[in-house]
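Content type compact mmCIF, C-alpha atoms, from the file query.txt:
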```txt
# COMPACT_ATOMS: atom_id res chain seq x y z
CA MET A 428 -3.85 -32.87 9.37
CA THR A 429 -1.83 -30.12 7.70
CA LYS A 430 1.75 -30.96 6.76
CA ILE A 431 4.50 -28.49 5.87
CA ARG A 432 7.67 -29.82 4.23
CA ILE A 433 10.69 -27.58 3.81
CA SER A 434 13.41 -28.84 1.48
CA SER A 435 16.87 -27.29 1.05
CA LEU A 436 15.49 -23.81 1.67
CA ASN A 437 17.91 -20.95 1.16
CA LYS A 438 17.32 -17.23 1.19
CA ARG A 439 19.93 -14.64 0.29
CA MET A 440 19.33 -10.93 0.28
CA LYS A 441 21.89 -8.25 -0.60
CA LYS A 442 24.72 -10.82 -0.60
CA LYS A 443 23.76 -11.94 2.92
CA THR A 444 22.55 -15.45 3.70
CA LEU A 445 19.39 -15.19 5.77
CA LEU A 446 18.26 -18.82 5.59
CA HIS A 447 20.69 -21.63 4.99
CA ASP A 448 19.80 -25.13 3.85
CA ILE A 449 16.67 -25.62 5.97
CA ASN A 450 15.10 -29.06 5.86
CA TYR A 451 12.22 -29.81 8.18
CA GLU A 452 8.77 -31.30 8.35
CA PHE A 453 5.96 -29.85 10.46
CA CYS A 454 2.68 -31.67 11.17
CA GLY A 455 -0.72 -30.45 12.33
CA GLY A 456 -1.77 -30.91 15.97
CA LYS A 457 1.68 -29.98 17.26
CA ILE A 458 3.44 -26.92 18.59
CA TYR A 459 6.92 -26.20 17.25
CA GLY A 460 9.28 -23.73 18.87
CA LEU A 461 12.12 -21.83 17.21
CA TYR A 462 14.66 -20.13 19.41
CA GLY A 463 17.90 -18.30 18.85
CA ARG A 464 19.54 -14.92 19.16
CA ASN A 465 18.48 -11.80 17.26
CA GLY A 466 19.10 -12.15 13.54
CA SER A 467 19.39 -15.94 13.67
CA GLY A 468 16.69 -16.37 11.01
CA LYS A 469 13.60 -17.26 13.10
CA THR A 470 11.37 -14.51 11.75
CA MET A 471 12.69 -15.00 8.22
CA LEU A 472 11.75 -18.68 8.35
CA LEU A 473 8.21 -17.77 9.49
CA ARG A 474 7.99 -15.23 6.65
CA ALA A 475 9.11 -17.87 4.17
CA ILE A 476 6.48 -20.37 5.38
CA ALA A 477 3.81 -17.64 5.26
CA GLY A 478 4.68 -17.00 1.60
CA LEU A 479 5.85 -13.45 2.29
CA ILE A 480 9.37 -13.92 0.95
CA MET A 481 10.54 -15.78 -2.14
CA PRO A 482 13.15 -18.50 -1.52
CA SER A 483 16.46 -18.10 -3.38
CA SER A 484 16.50 -21.89 -3.75
CA GLY A 485 14.69 -24.90 -2.30
CA GLU A 486 10.96 -25.20 -1.74
CA ILE A 487 8.20 -25.24 0.80
CA SER A 488 5.25 -27.53 0.22
CA ILE A 489 2.02 -27.47 2.19
CA ASP A 490 -0.18 -30.53 1.93
CA GLY A 491 1.69 -31.42 -1.27
CA LYS A 492 1.21 -28.02 -2.92
CA ILE A 493 4.36 -26.03 -3.59
CA LEU A 494 4.37 -22.45 -2.34
CA HIS A 495 4.77 -19.75 -5.05
CA GLN A 496 4.18 -22.41 -7.69
CA ASP A 497 0.78 -23.94 -6.89
CA MET A 498 -0.33 -21.09 -4.60
CA SER A 499 0.76 -17.59 -3.54
CA PHE A 500 -0.02 -18.08 0.13
CA PRO A 501 -0.85 -21.16 2.24
CA SER A 502 -4.58 -21.63 2.60
CA ASN A 503 -6.08 -20.94 6.02
CA ILE A 504 -3.05 -19.45 7.72
CA SER A 505 -2.69 -16.75 10.36
CA VAL A 506 0.40 -14.88 11.43
CA ILE A 507 1.81 -12.60 14.06
CA ILE A 508 5.00 -11.18 12.62
CA GLU A 509 7.01 -8.15 13.69
CA ASN A 510 6.26 -4.86 11.94
CA THR A 511 2.62 -5.81 11.40
CA SER A 512 -0.03 -3.76 13.14
CA LEU A 513 -3.77 -3.31 13.19
CA LEU A 514 -5.64 -0.15 12.28
CA HIS A 515 -5.11 2.44 15.01
CA GLN A 516 -8.24 4.44 14.21
CA TYR A 517 -10.64 1.58 15.03
CA ASP A 518 -11.48 -0.38 18.17
CA ALA A 519 -10.52 -4.04 18.60
CA TYR A 520 -13.87 -5.47 17.46
CA THR A 521 -14.01 -3.31 14.31
CA ASN A 522 -10.47 -4.30 13.38
CA LEU A 523 -11.34 -8.00 13.46
CA LYS A 524 -14.68 -7.33 11.74
CA ILE A 525 -12.87 -5.64 8.81
CA LEU A 526 -10.47 -8.58 8.46
CA SER A 527 -13.33 -11.09 8.75
CA LYS A 528 -15.03 -9.63 5.67
CA ILE A 529 -12.23 -10.86 3.40
CA LYS A 530 -12.75 -14.57 3.95
CA ASN A 531 -16.27 -14.28 5.31
CA ILE A 532 -16.07 -17.52 7.27
CA THR A 533 -16.61 -16.17 10.78
CA THR A 534 -19.56 -14.81 12.70
CA ASP A 535 -19.72 -11.89 15.12
CA GLU A 536 -19.78 -14.48 17.90
CA ASP A 537 -16.41 -15.88 16.71
CA ILE A 538 -14.90 -12.39 16.91
CA LYS A 539 -16.30 -11.77 20.39
CA LEU A 540 -15.13 -15.18 21.57
CA ALA A 541 -11.57 -14.53 20.30
CA LEU A 542 -11.47 -11.16 22.09
CA LYS A 543 -12.76 -12.78 25.27
CA ARG A 544 -10.18 -15.57 25.06
CA VAL A 545 -7.29 -13.09 24.95
CA GLY A 546 -8.78 -11.09 27.82
CA LEU A 547 -9.86 -7.94 25.98
CA ASP A 548 -13.00 -6.07 27.03
CA LEU A 549 -15.78 -6.82 24.54
CA ASP A 550 -17.67 -3.61 25.22
CA SER A 551 -14.69 -1.28 25.06
CA LYS A 552 -14.79 1.29 22.27
CA MET A 553 -11.18 2.31 22.93
CA LYS A 554 -9.25 2.79 19.70
CA VAL A 555 -6.26 0.54 19.09
CA GLY A 556 -4.03 3.62 18.90
CA LYS A 557 -4.67 4.12 22.62
CA PHE A 558 -3.90 0.48 23.53
CA SER A 559 -0.86 -0.42 25.61
CA LEU A 560 1.76 -2.66 23.94
CA GLY A 561 0.42 -5.65 25.85
CA MET A 562 -3.17 -4.98 24.73
CA LYS A 563 -2.01 -4.63 21.11
CA GLN A 564 -0.22 -7.95 21.37
CA ARG A 565 -3.36 -9.59 22.84
CA LEU A 566 -5.34 -8.22 19.92
CA SER A 567 -2.75 -9.62 17.52
CA VAL A 568 -3.26 -13.02 19.11
CA ALA A 569 -7.05 -12.63 18.73
CA GLN A 570 -6.49 -11.67 15.08
CA ALA A 571 -4.45 -14.85 14.62
CA ILE A 572 -6.98 -17.26 16.14
CA PHE A 573 -10.44 -15.89 15.37
CA GLU A 574 -10.75 -17.60 11.98
CA LYS A 575 -9.64 -20.98 13.34
CA PRO A 576 -6.65 -21.32 10.98
CA ASP A 577 -4.95 -24.62 10.16
CA ILE A 578 -1.51 -23.01 10.42
CA LEU A 579 -0.51 -20.46 13.06
CA LEU A 580 2.85 -18.71 12.73
CA LEU A 581 3.59 -16.65 15.82
CA ASP A 582 6.67 -14.49 16.16
CA GLU A 583 7.21 -13.94 19.87
CA PRO A 584 3.48 -13.93 20.63
CA THR A 585 3.87 -13.15 24.33
CA ASN A 586 6.04 -10.08 23.78
CA ALA A 587 4.98 -7.22 26.10
CA ILE A 588 2.19 -9.32 27.66
CA ASP A 589 2.03 -9.54 31.46
CA GLU A 590 2.43 -12.82 33.36
CA GLU A 591 -1.31 -13.49 33.58
CA GLY A 592 -1.64 -12.80 29.87
CA VAL A 593 1.21 -15.17 29.02
CA ILE A 594 -0.62 -17.99 30.84
CA GLN A 595 -3.78 -17.09 28.88
CA VAL A 596 -1.92 -17.14 25.55
CA TYR A 597 -0.26 -20.48 26.37
CA GLN A 598 -3.67 -21.94 27.24
CA ILE A 599 -5.08 -20.66 23.94
CA LEU A 600 -2.21 -22.24 22.01
CA LYS A 601 -2.79 -25.57 23.74
CA GLU A 602 -6.48 -25.39 22.80
CA GLU A 603 -5.60 -24.53 19.19
CA LYS A 604 -3.24 -27.51 19.10
CA GLU A 605 -6.04 -29.76 20.40
CA ARG A 606 -8.19 -28.44 17.56
CA GLY A 607 -5.55 -29.75 15.16
CA ALA A 608 -3.76 -26.54 14.23
CA LEU A 609 -0.08 -26.57 13.27
CA ILE A 610 1.62 -23.95 15.42
CA ILE A 611 5.13 -22.57 15.00
CA LEU A 612 6.26 -19.95 17.47
CA THR A 613 9.53 -18.20 18.13
CA SER A 614 11.33 -16.97 21.21
CA HIS A 615 14.79 -15.75 22.12
CA HIS A 616 14.96 -18.29 24.93
CA LYS A 617 14.59 -22.04 24.94
CA HIS A 618 12.96 -22.07 28.39
CA ASP A 619 10.00 -20.05 27.03
CA LEU A 620 9.23 -22.92 24.69
CA GLU A 621 9.96 -25.95 26.83
CA ALA A 622 6.64 -25.91 28.65
CA LEU A 623 4.65 -25.51 25.46
CA ALA A 624 6.39 -26.92 22.39
CA ASP A 625 6.28 -30.54 21.31
CA GLU A 626 9.44 -30.01 19.29
CA TYR A 627 11.84 -27.12 19.36
CA MET A 628 14.86 -26.16 17.34
CA LYS A 629 17.68 -23.71 17.72
CA MET A 630 18.49 -21.40 14.84
CA ASP A 631 21.77 -19.68 14.17
CA ASN A 632 23.14 -17.93 11.07
CA GLY A 633 19.99 -18.80 9.16
CA GLY A 634 20.19 -22.55 9.75
CA ILE A 635 18.69 -25.05 12.19
CA VAL A 636 21.64 -26.04 14.33
CA LEU A 637 19.89 -28.19 16.92
CA ASP A 638 16.52 -29.85 17.18
CA SER A 639 14.80 -31.79 19.90
CA LYS A 640 13.62 -34.68 17.73
CA MET B 382 -9.47 9.10 2.78
CA THR B 383 -10.83 10.63 5.98
CA LYS B 384 -13.38 13.47 6.06
CA ARG B 385 -10.69 15.78 7.44
CA ILE B 386 -8.36 15.13 4.48
CA PHE B 387 -11.23 15.53 2.01
CA LEU B 388 -12.19 18.90 3.50
CA THR B 389 -8.54 19.97 3.39
CA MET B 390 -8.44 19.05 -0.30
CA LEU B 391 -11.56 21.17 -0.96
CA LEU B 392 -9.94 24.05 0.89
CA VAL B 393 -6.75 23.71 -1.18
CA ILE B 394 -8.73 23.61 -4.44
CA THR B 395 -10.61 26.79 -3.48
CA LEU B 396 -7.41 28.50 -2.40
CA GLN B 397 -5.73 27.53 -5.67
CA ILE B 398 -8.51 29.05 -7.77
CA LEU B 399 -8.47 32.26 -5.76
CA LEU B 400 -4.68 32.49 -6.02
CA PHE B 401 -4.78 31.81 -9.77
CA ASN B 402 -7.25 34.60 -10.18
CA TYR B 403 -5.31 36.97 -7.95
CA PHE B 404 -1.85 36.38 -9.46
CA ASP B 405 -2.88 36.11 -13.08
CA GLY B 406 -5.30 38.88 -13.78
CA SER B 407 -5.03 38.44 -17.55
CA LYS B 408 -6.43 34.95 -17.27
CA ALA B 409 -9.29 36.02 -15.05
CA ASP B 410 -11.25 36.80 -18.19
CA LEU B 411 -10.87 33.22 -19.30
CA THR B 412 -11.37 31.65 -15.90
CA GLY B 413 -13.08 28.57 -17.26
CA PHE B 414 -9.88 26.85 -18.11
CA MET B 415 -7.29 28.19 -15.76
CA ILE B 416 -6.77 24.79 -14.14
CA VAL B 417 -6.32 22.82 -17.35
CA SER B 418 -4.41 25.64 -18.96
CA GLY B 419 -1.75 25.11 -16.31
CA VAL B 420 1.27 27.36 -16.44
CA LEU B 421 1.98 29.38 -19.57
CA PHE B 422 5.65 29.11 -20.46
CA ASN B 423 6.23 32.79 -19.87
CA SER B 424 4.36 32.82 -16.56
CA LYS B 425 5.61 34.21 -13.31
CA LEU B 426 7.06 31.74 -10.82
CA VAL B 427 4.16 32.38 -8.50
CA ILE B 428 1.73 30.97 -11.10
CA PHE B 429 3.88 27.87 -11.35
CA GLY B 430 3.70 27.55 -7.55
CA THR B 431 -0.06 27.99 -7.57
CA TRP B 432 -0.46 25.26 -10.18
CA TYR B 433 1.84 22.97 -8.16
CA ILE B 434 -0.27 23.25 -4.97
CA PHE B 435 -2.84 20.71 -6.18
CA PHE B 436 -0.38 18.14 -7.51
CA SER B 437 1.75 18.28 -4.38
CA MET B 438 -1.43 17.61 -2.33
CA LEU B 439 -2.30 14.63 -4.55
CA SER B 440 1.21 13.33 -4.18
CA PHE B 441 1.22 13.65 -0.38
CA LEU B 442 -2.25 12.14 -0.16
CA SER B 443 -1.05 9.10 -2.11
CA LEU B 444 2.08 8.66 -0.01
CA GLY B 445 2.33 4.97 0.88
CA TYR B 446 -1.04 4.17 -0.73
CA LEU B 447 0.28 0.91 -2.19
CA ARG B 448 3.26 0.44 0.12
CA GLN B 449 1.08 0.23 3.24
CA TYR B 450 -0.70 -2.74 1.67
CA ILE B 451 2.49 -4.73 1.14
CA SER B 452 3.85 -4.25 4.64
CA GLY B 453 2.49 -3.81 8.15
CA TYR B 454 -1.29 -4.13 8.21
CA GLY B 455 -1.25 -5.17 4.56
CA ILE B 456 0.33 -8.50 5.53
CA TYR B 457 -2.85 -9.42 7.42
CA LEU B 458 -4.93 -8.53 4.38
CA MET B 459 -2.72 -10.24 1.85
CA ILE B 460 -2.52 -13.64 3.51
CA ARG B 461 -6.32 -13.60 3.73
CA GLU B 462 -6.83 -12.43 0.16
CA LYS B 463 -4.45 -15.21 -0.95
CA SER B 464 -3.31 -13.07 -3.86
CA ARG B 465 -0.71 -10.35 -4.13
CA VAL B 466 -1.93 -9.21 -7.54
CA LYS B 467 -5.63 -9.07 -6.58
CA LEU B 468 -4.88 -6.73 -3.71
CA GLY B 469 -2.61 -4.65 -5.97
CA ILE B 470 -5.30 -4.30 -8.64
CA SER B 471 -7.88 -3.32 -6.04
CA ARG B 472 -5.55 -0.61 -4.65
CA ILE B 473 -4.71 0.77 -8.10
CA MET B 474 -8.41 0.89 -9.03
CA LYS B 475 -9.24 2.75 -5.82
CA LEU B 476 -6.36 5.13 -6.50
CA MET B 477 -7.66 5.76 -10.00
CA ILE B 478 -11.10 6.63 -8.61
CA LEU B 479 -9.58 8.87 -5.91
CA ILE B 480 -7.31 10.83 -8.27
CA SER B 481 -9.97 11.14 -10.96
CA GLY B 482 -12.57 12.19 -8.39
CA LEU B 483 -10.40 14.90 -6.86
CA SER B 484 -9.25 16.20 -10.25
CA LEU B 485 -12.88 16.29 -11.39
CA ILE B 486 -13.89 18.21 -8.27
CA GLN B 487 -11.09 20.66 -9.02
CA LEU B 488 -12.40 21.12 -12.57
CA LEU B 489 -15.98 21.54 -11.34
CA PHE B 490 -14.83 24.22 -8.88
CA SER B 491 -13.10 25.89 -11.80
CA ILE B 492 -16.31 25.83 -13.87
CA VAL B 493 -18.39 27.23 -11.02
CA PHE B 494 -15.82 29.97 -10.51
CA ALA B 495 -15.88 30.76 -14.23
CA TYR B 496 -19.67 30.92 -14.18
CA ILE B 497 -19.72 33.32 -11.25
CA ASN B 498 -16.94 35.46 -12.71
CA ASN B 499 -17.30 35.59 -16.41
CA VAL B 500 -19.86 33.27 -17.82
CA ASP B 501 -19.75 34.50 -21.40
CA GLN B 502 -16.04 34.21 -21.88
CA ALA B 503 -15.39 30.75 -20.46
CA PHE B 504 -14.45 28.83 -23.59
CA PHE B 505 -16.20 25.55 -22.75
CA TYR B 506 -19.56 27.19 -23.30
CA HIS B 507 -18.61 27.38 -26.97
CA ASP B 508 -16.50 24.25 -27.30
CA PHE B 509 -17.64 21.66 -24.78
CA GLN B 510 -16.15 18.76 -26.76
CA SER B 511 -12.64 20.24 -26.52
CA PHE B 512 -13.18 20.83 -22.83
CA ILE B 513 -14.01 17.13 -22.26
CA CYS B 514 -10.92 16.15 -24.27
CA ILE B 515 -8.49 18.35 -22.35
CA ALA B 516 -10.14 17.70 -18.99
CA GLY B 517 -9.69 13.97 -19.67
CA LEU B 518 -6.01 14.55 -20.48
CA TYR B 519 -5.59 16.53 -17.27
CA ILE B 520 -7.20 13.83 -15.11
CA MET B 521 -5.32 11.03 -16.85
CA SER B 522 -1.94 12.78 -16.58
CA ASN B 523 -2.54 13.27 -12.84
CA PHE B 524 -3.38 9.59 -12.50
CA VAL B 525 -0.32 8.44 -14.46
CA LEU B 526 1.99 10.65 -12.38
CA ILE B 527 0.61 9.23 -9.14
CA PHE B 528 0.74 5.71 -10.60
CA ILE B 529 4.47 6.28 -11.31
CA GLN B 530 4.85 7.29 -7.66
CA MET B 531 3.08 4.07 -6.57
CA ALA B 532 5.25 1.96 -8.89
CA LEU B 533 8.38 3.58 -7.47
CA GLU B 534 7.18 2.65 -3.98
CA LEU B 535 7.53 -0.99 -4.96
CA HIS B 536 11.28 -0.40 -5.33
CA PHE B 537 12.11 2.48 -3.01
CA THR B 538 10.78 3.97 0.22
CA GLU B 539 7.68 6.19 0.16
CA GLU B 540 9.78 9.29 0.87
CA VAL B 541 12.20 8.66 -2.01
CA SER B 542 9.30 7.98 -4.41
CA LEU B 543 7.56 11.19 -3.34
CA LEU B 544 10.74 13.16 -3.85
CA VAL B 545 11.49 11.62 -7.27
CA ILE B 546 8.01 12.23 -8.71
CA ASN B 547 7.85 15.79 -7.43
CA ILE B 548 11.29 16.61 -8.82
CA TYR B 549 10.18 15.07 -12.14
CA VAL B 550 7.03 17.21 -12.17
CA LEU B 551 8.89 20.44 -11.41
CA PHE B 552 11.63 19.57 -13.91
CA SER B 553 9.08 18.67 -16.61
CA VAL B 554 7.15 21.90 -16.25
CA THR B 555 10.36 23.96 -16.28
CA LEU B 556 11.95 22.11 -19.21
CA GLY B 557 8.61 22.16 -21.06
CA GLY B 558 8.56 25.94 -20.70
CA VAL B 559 12.10 26.23 -22.04
CA LEU B 560 11.38 23.97 -25.05
CA LEU B 561 8.18 25.84 -25.87
CA SER B 562 9.93 29.20 -25.70
CA VAL B 563 12.91 28.17 -27.88
CA GLN B 564 10.72 26.02 -30.16
CA LYS B 565 13.28 23.23 -30.34
CA LEU B 566 13.25 19.48 -29.60
CA MET B 567 9.45 19.59 -29.19
CA TRP B 568 9.22 15.77 -29.26
CA ILE B 569 10.75 15.75 -25.74
CA LEU B 570 7.42 17.18 -24.53
CA TYR B 571 5.93 13.68 -24.93
CA PHE B 572 8.21 12.52 -22.09
CA LEU B 573 7.21 15.40 -19.84
CA ILE B 574 3.82 14.15 -18.65
CA PRO B 575 2.74 17.14 -16.50
CA ASN B 576 2.60 19.21 -19.70
CA PHE B 577 -0.16 16.90 -21.04
CA GLY B 578 -2.55 18.42 -18.54
CA MET B 579 -1.73 21.97 -19.61
CA TYR B 580 -3.65 22.26 -22.82
CA VAL B 581 -3.33 26.00 -23.35
CA ARG B 582 0.39 25.92 -22.63
CA VAL B 583 1.24 23.24 -25.14
CA ASP B 584 -1.43 23.78 -27.75
CA LEU B 585 -0.96 27.44 -28.56
CA PRO B 586 -0.98 27.66 -32.35
CA GLU B 587 2.43 29.31 -32.43
CA SER B 588 4.02 26.67 -30.19
CA GLY B 589 3.47 23.67 -32.43
CA GLY B 590 2.16 21.86 -29.40
CA LEU B 591 1.11 18.37 -28.51
CA SER B 592 -1.44 16.31 -30.33
CA PRO B 593 -4.18 15.32 -27.83
CA VAL B 594 -4.58 11.98 -29.60
CA ILE B 595 -0.88 11.14 -29.30
CA ALA B 596 -0.91 12.39 -25.70
CA TYR B 597 -3.79 9.97 -24.88
CA ILE B 598 -1.91 7.13 -26.61
CA VAL B 599 1.30 7.90 -24.68
CA LEU B 600 -0.57 7.99 -21.35
CA THR B 601 -2.36 4.72 -22.16
CA ILE B 602 0.92 3.00 -23.09
CA ILE B 603 2.59 4.26 -19.89
CA THR B 604 -0.39 3.00 -17.83
CA ILE B 605 -0.17 -0.45 -19.43
CA ILE B 606 3.62 -0.65 -18.95
CA LEU B 607 3.34 0.50 -15.32
CA SER B 608 0.56 -2.04 -14.64
CA VAL B 609 2.55 -4.94 -16.07
CA LEU B 610 5.80 -3.96 -14.31
CA SER B 611 4.00 -3.36 -11.00
CA PHE B 612 2.21 -6.68 -11.07
CA ILE B 613 5.41 -8.57 -11.96
CA ARG B 614 7.16 -6.80 -9.10
CA LEU B 615 4.26 -7.45 -6.70
CA LYS B 616 4.30 -11.14 -7.54
CA LYS B 617 8.02 -11.54 -6.95
CA MET B 618 8.91 -9.08 -4.23
CA ASP B 619 9.68 -9.98 -0.65
CA LEU B 620 7.07 -8.62 1.75
CA THR B 621 8.82 -7.44 4.86
```
As structure tokens - that is how I would like this structure written.
Amino acid sequence: MTKIRISSLNKRMKKKTLLHDINYEFCGGKIYGLYGRNGSGKTMLLRAIAGLIMPSSGEISIDGKILHQDMSFPSNISVIIENTSLLHQYDAYTNLKILSKIKNITTDEDIKLALKRVGLDLDSKMKVGKFSLGMKQRLSVAQAIFEKPDILLLDEPTNAIDEEGVIQVYQILKEEKERGALIILTSHHKHDLEALADEYMKMDNGGIVLDSK
Amino acid sequence: MTKRIFLTMLLVITLQILLFNYFDGSKADLTGFMIVSGVLFNSKLVIFGTWYIFFSMLSFLSLGYLRQYISGYGIYLMIREKSRVKLGISRIMKLMILISGLSLIQLLFSIVFAYINNVDQAFFYHDFQSFICIAGLYIMSNFVLIFIQMALELHFTEEVSLLVINIYVLFSVTLGGVLLSVQKLMWILYFLIPNFGMYVRVDLPESGGLSPVIAYIVLTIITIILSVLSFIRLKKMDLT
């Protein structure tokens, strides 16, 4: 099972503290929820774990390997993070096909299955640029799960998705957890996470101010 | 690059050659090297503008070429590639091929135009070796200028980088013209890269000019420095 250990993590940018003295341990086969108001540091923490930002001090280790020292990015990770988008000029299947060529560990069937799981039409040739916000978010979820990652970092994964879709996404996350994946997701509200997360923590001013452990 | 953009580039290249020929009748007799000759220091402003058409297209075409791979969609690619530098190298290599390819197409158009117009007087029929040397300088200076734009994008927004490199190009050509006409401080020309791709402008016997060998060395050193600085920056920068 994958294990992420965060020790005394701090991140400052332009004289502003974005993450403050974070210490936490995450284990595979569990869903963790981060909640807090806008700018509380949820997304920044996900970015730090994904290896996208460099800590000002402290460290993140994944299965004993220190991020940015032993590796640039965690192995077998998927993310949904704000400001990321797929290629608008291609349809959903082609988008995932292009991404699949990098690691080359998935088959066409895996891609189709991921699209089916998030409720997108397999035969549709509609370009992503013409997708509604909800459809784009479903595709982002498909992008995150289709390679069966060990670590899933999801920044408000149900944003813009309708009620039926939210139930679908929650079901997918439960299945991914059963598979052994380590899932960390964020939300503005605690009640969004209560039904799903095994542990949840509140973030404020870049620090974890409350956790359910 | 999409087919539409490629066709637009071809259209621009053709338009540039026709404009060069129209505005600079004296050079029409020597049409073989009007692209690499660039802008003579005593040229009319309209010639300067005609020369600038192609570079401004290259610059716009490259807008965000590296930046888009370190944000947005690039995040999905990078976490799968597992390497910031590998993705950076791959983008720079593709950029090099793109810029060289388009500059080469522009030169080929120029040759065809020369052949149709004035086959006997195009200089490269007599001195092909020199042509290869100055064509190489032209292509390499275009690449280095766009590489500077890419490197700037690692520190500033795409728009600021585009603005800075285009101001530098316009300033370099203008200042180069002034230096060549007053024949003073000629060493400054080695810091004004766009002039490297203007062989006839800077290599007129009376102007003292640039040494092609030194120009190649300067461009190679700049490329190495830019590569090292870009990769250090790529390794350490926050991807947001």
For the contact check between chain B and chain A, emit one row per residue of chain B within 8 Å, containing the shortest atom pair and the distance in Å rounded to one decimal, counting all atoms listed in the file, chain then rising number order, as CSV.
```
residue,atom,partner,partner_atom,distance
B:Ser452,CA,A:Thr511,CA,7.0
B:Gly453,CA,A:Thr511,CA,3.8
B:Tyr454,CA,A:Ser512,CA,5.1
B:Gly455,CA,A:Thr511,CA,7.9
B:Ile456,CA,A:Thr511,CA,6.9
B:Tyr457,CA,A:Val506,CA,7.5
B:Leu458,CA,A:Leu526,CA,6.9
B:Ile460,CA,A:Phe500,CA,6.1
B:Arg461,CA,A:Lys530,CA,6.5
B:Glu462,CA,A:Ile529,CA,6.5
B:Lys463,CA,A:Phe500,CA,5.4
B:Ser464,CA,A:Ser499,CA,6.1
B:Arg465,CA,A:Ser499,CA,7.4
B:Lys617,CA,A:Met481,CA,6.9
B:Met618,CA,A:Ile480,CA,7.1
B:Asp619,CA,A:Ile480,CA,4.3
B:Leu620,CA,A:Leu479,CA,5.0
B:Thr621,CA,A:Leu479,CA,7.2
```
Would you put the residues from that selection into a file with C-alpha atoms, as a compact mmCIF listing (two decimals), keeping the file's coordinate frame?
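File again.txt, as written:
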```
# COMPACT_ATOMS: atom_id res chain seq x y z
CA SER B 452 3.85 -4.25 4.64
CA GLY B 453 2.49 -3.81 8.15
CA TYR B 454 -1.29 -4.13 8.21
CA GLY B 455 -1.25 -5.17 4.56
CA ILE B 456 0.33 -8.50 5.53
CA TYR B 457 -2.85 -9.42 7.42
CA LEU B 458 -4.93 -8.53 4.38
CA ILE B 460 -2.52 -13.64 3.51
CA ARG B 461 -6.32 -13.60 3.73
CA GLU B 462 -6.83 -12.43 0.16
CA LYS B 463 -4.45 -15.21 -0.95
CA SER B 464 -3.31 -13.07 -3.86
CA ARG B 465 -0.71 -10.35 -4.13
CA LYS B 617 8.02 -11.54 -6.95
CA MET B 618 8.91 -9.08 -4.23
CA ASP B 619 9.68 -9.98 -0.65
CA LEU B 620 7.07 -8.62 1.75
CA THR B 621 8.82 -7.44 4.86
```
**Q.** Ref. answer, residues at most 12 Å from (5.9, 24.9, -6.2) with all atoms listed in the file, as an NGL selection string
**A.** :B and (397 or 420 or 425-438 or 547-548 or 550-552 or 554-555)
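Relative to CA of Phe612 (chain B), CA of Glu534 (chain B) is found at 12.7 Å.
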Q: Excluding Ile538 (chain A) and residues on its chain fewer than 6 positions from it, collect all residues at most 10 Å away from it, counting all atoms listed in the file, and give them as an MDAnalysis selection string.
A: chainID A and resid 519:524 527 544 549 569:570 572:574
Q) If you count all atoms listed in the file, which residues fall within 12 Å of Leu446 (chain A), apart from same-chain ones fewer than 5 positions away, as a PyMOL selection string? A) chain A and resi 433-440+466-476+480-485+630-636
Could the residues in this selection be written to a file with C-alpha atoms, as a PDB file, in the coordinates of the input?
```
ATOM      1  CA  ILE A 433      10.690 -27.580   3.810  1.00  0.00           C
ATOM      2  CA  SER A 434      13.410 -28.840   1.480  1.00  0.00           C
ATOM      3  CA  SER A 435      16.870 -27.290   1.050  1.00  0.00           C
ATOM      4  CA  LEU A 436      15.490 -23.810   1.670  1.00  0.00           C
ATOM      5  CA  ASN A 437      17.910 -20.950   1.160  1.00  0.00           C
ATOM      6  CA  LYS A 438      17.320 -17.230   1.190  1.00  0.00           C
ATOM      7  CA  ARG A 439      19.930 -14.640   0.290  1.00  0.00           C
ATOM      8  CA  MET A 440      19.330 -10.930   0.280  1.00  0.00           C
ATOM      9  CA  GLY A 466      19.100 -12.150  13.540  1.00  0.00           C
ATOM     10  CA  SER A 467      19.390 -15.940  13.670  1.00  0.00           C
ATOM     11  CA  GLY A 468      16.690 -16.370  11.010  1.00  0.00           C
ATOM     12  CA  LYS A 469      13.600 -17.260  13.100  1.00  0.00           C
ATOM     13  CA  THR A 470      11.370 -14.510  11.750  1.00  0.00           C
ATOM     14  CA  MET A 471      12.690 -15.000   8.220  1.00  0.00           C
ATOM     15  CA  LEU A 472      11.750 -18.680   8.350  1.00  0.00           C
ATOM     16  CA  LEU A 473       8.210 -17.770   9.490  1.00  0.00           C
ATOM     17  CA  ARG A 474       7.990 -15.230   6.650  1.00  0.00           C
ATOM     18  CA  ALA A 475       9.110 -17.870   4.170  1.00  0.00           C
ATOM     19  CA  ILE A 476       6.480 -20.370   5.380  1.00  0.00           C
ATOM     20  CA  ILE A 480       9.370 -13.920   0.950  1.00  0.00           C
ATOM     21  CA  MET A 481      10.540 -15.780  -2.140  1.00  0.00           C
ATOM     22  CA  PRO A 482      13.150 -18.500  -1.520  1.00  0.00           C
ATOM     23  CA  SER A 483      16.460 -18.100  -3.380  1.00  0.00           C
ATOM     24  CA  SER A 484      16.500 -21.890  -3.750  1.00  0.00           C
ATOM     25  CA  GLY A 485      14.690 -24.900  -2.300  1.00  0.00           C
ATOM     26  CA  MET A 630      18.490 -21.400  14.840  1.00  0.00           C
ATOM     27  CA  ASP A 631      21.770 -19.680  14.170  1.00  0.00           C
ATOM     28  CA  ASN A 632      23.140 -17.930  11.070  1.00  0.00           C
ATOM     29  CA  GLY A 633      19.990 -18.800   9.160  1.00  0.00           C
ATOM     30  CA  GLY A 634      20.190 -22.550   9.750  1.00  0.00           C
ATOM     31  CA  ILE A 635      18.690 -25.050  12.190  1.00  0.00           C
ATOM     32  CA  VAL A 636      21.640 -26.040  14.330  1.00  0.00           C
TER      33      VAL A 636
END
```
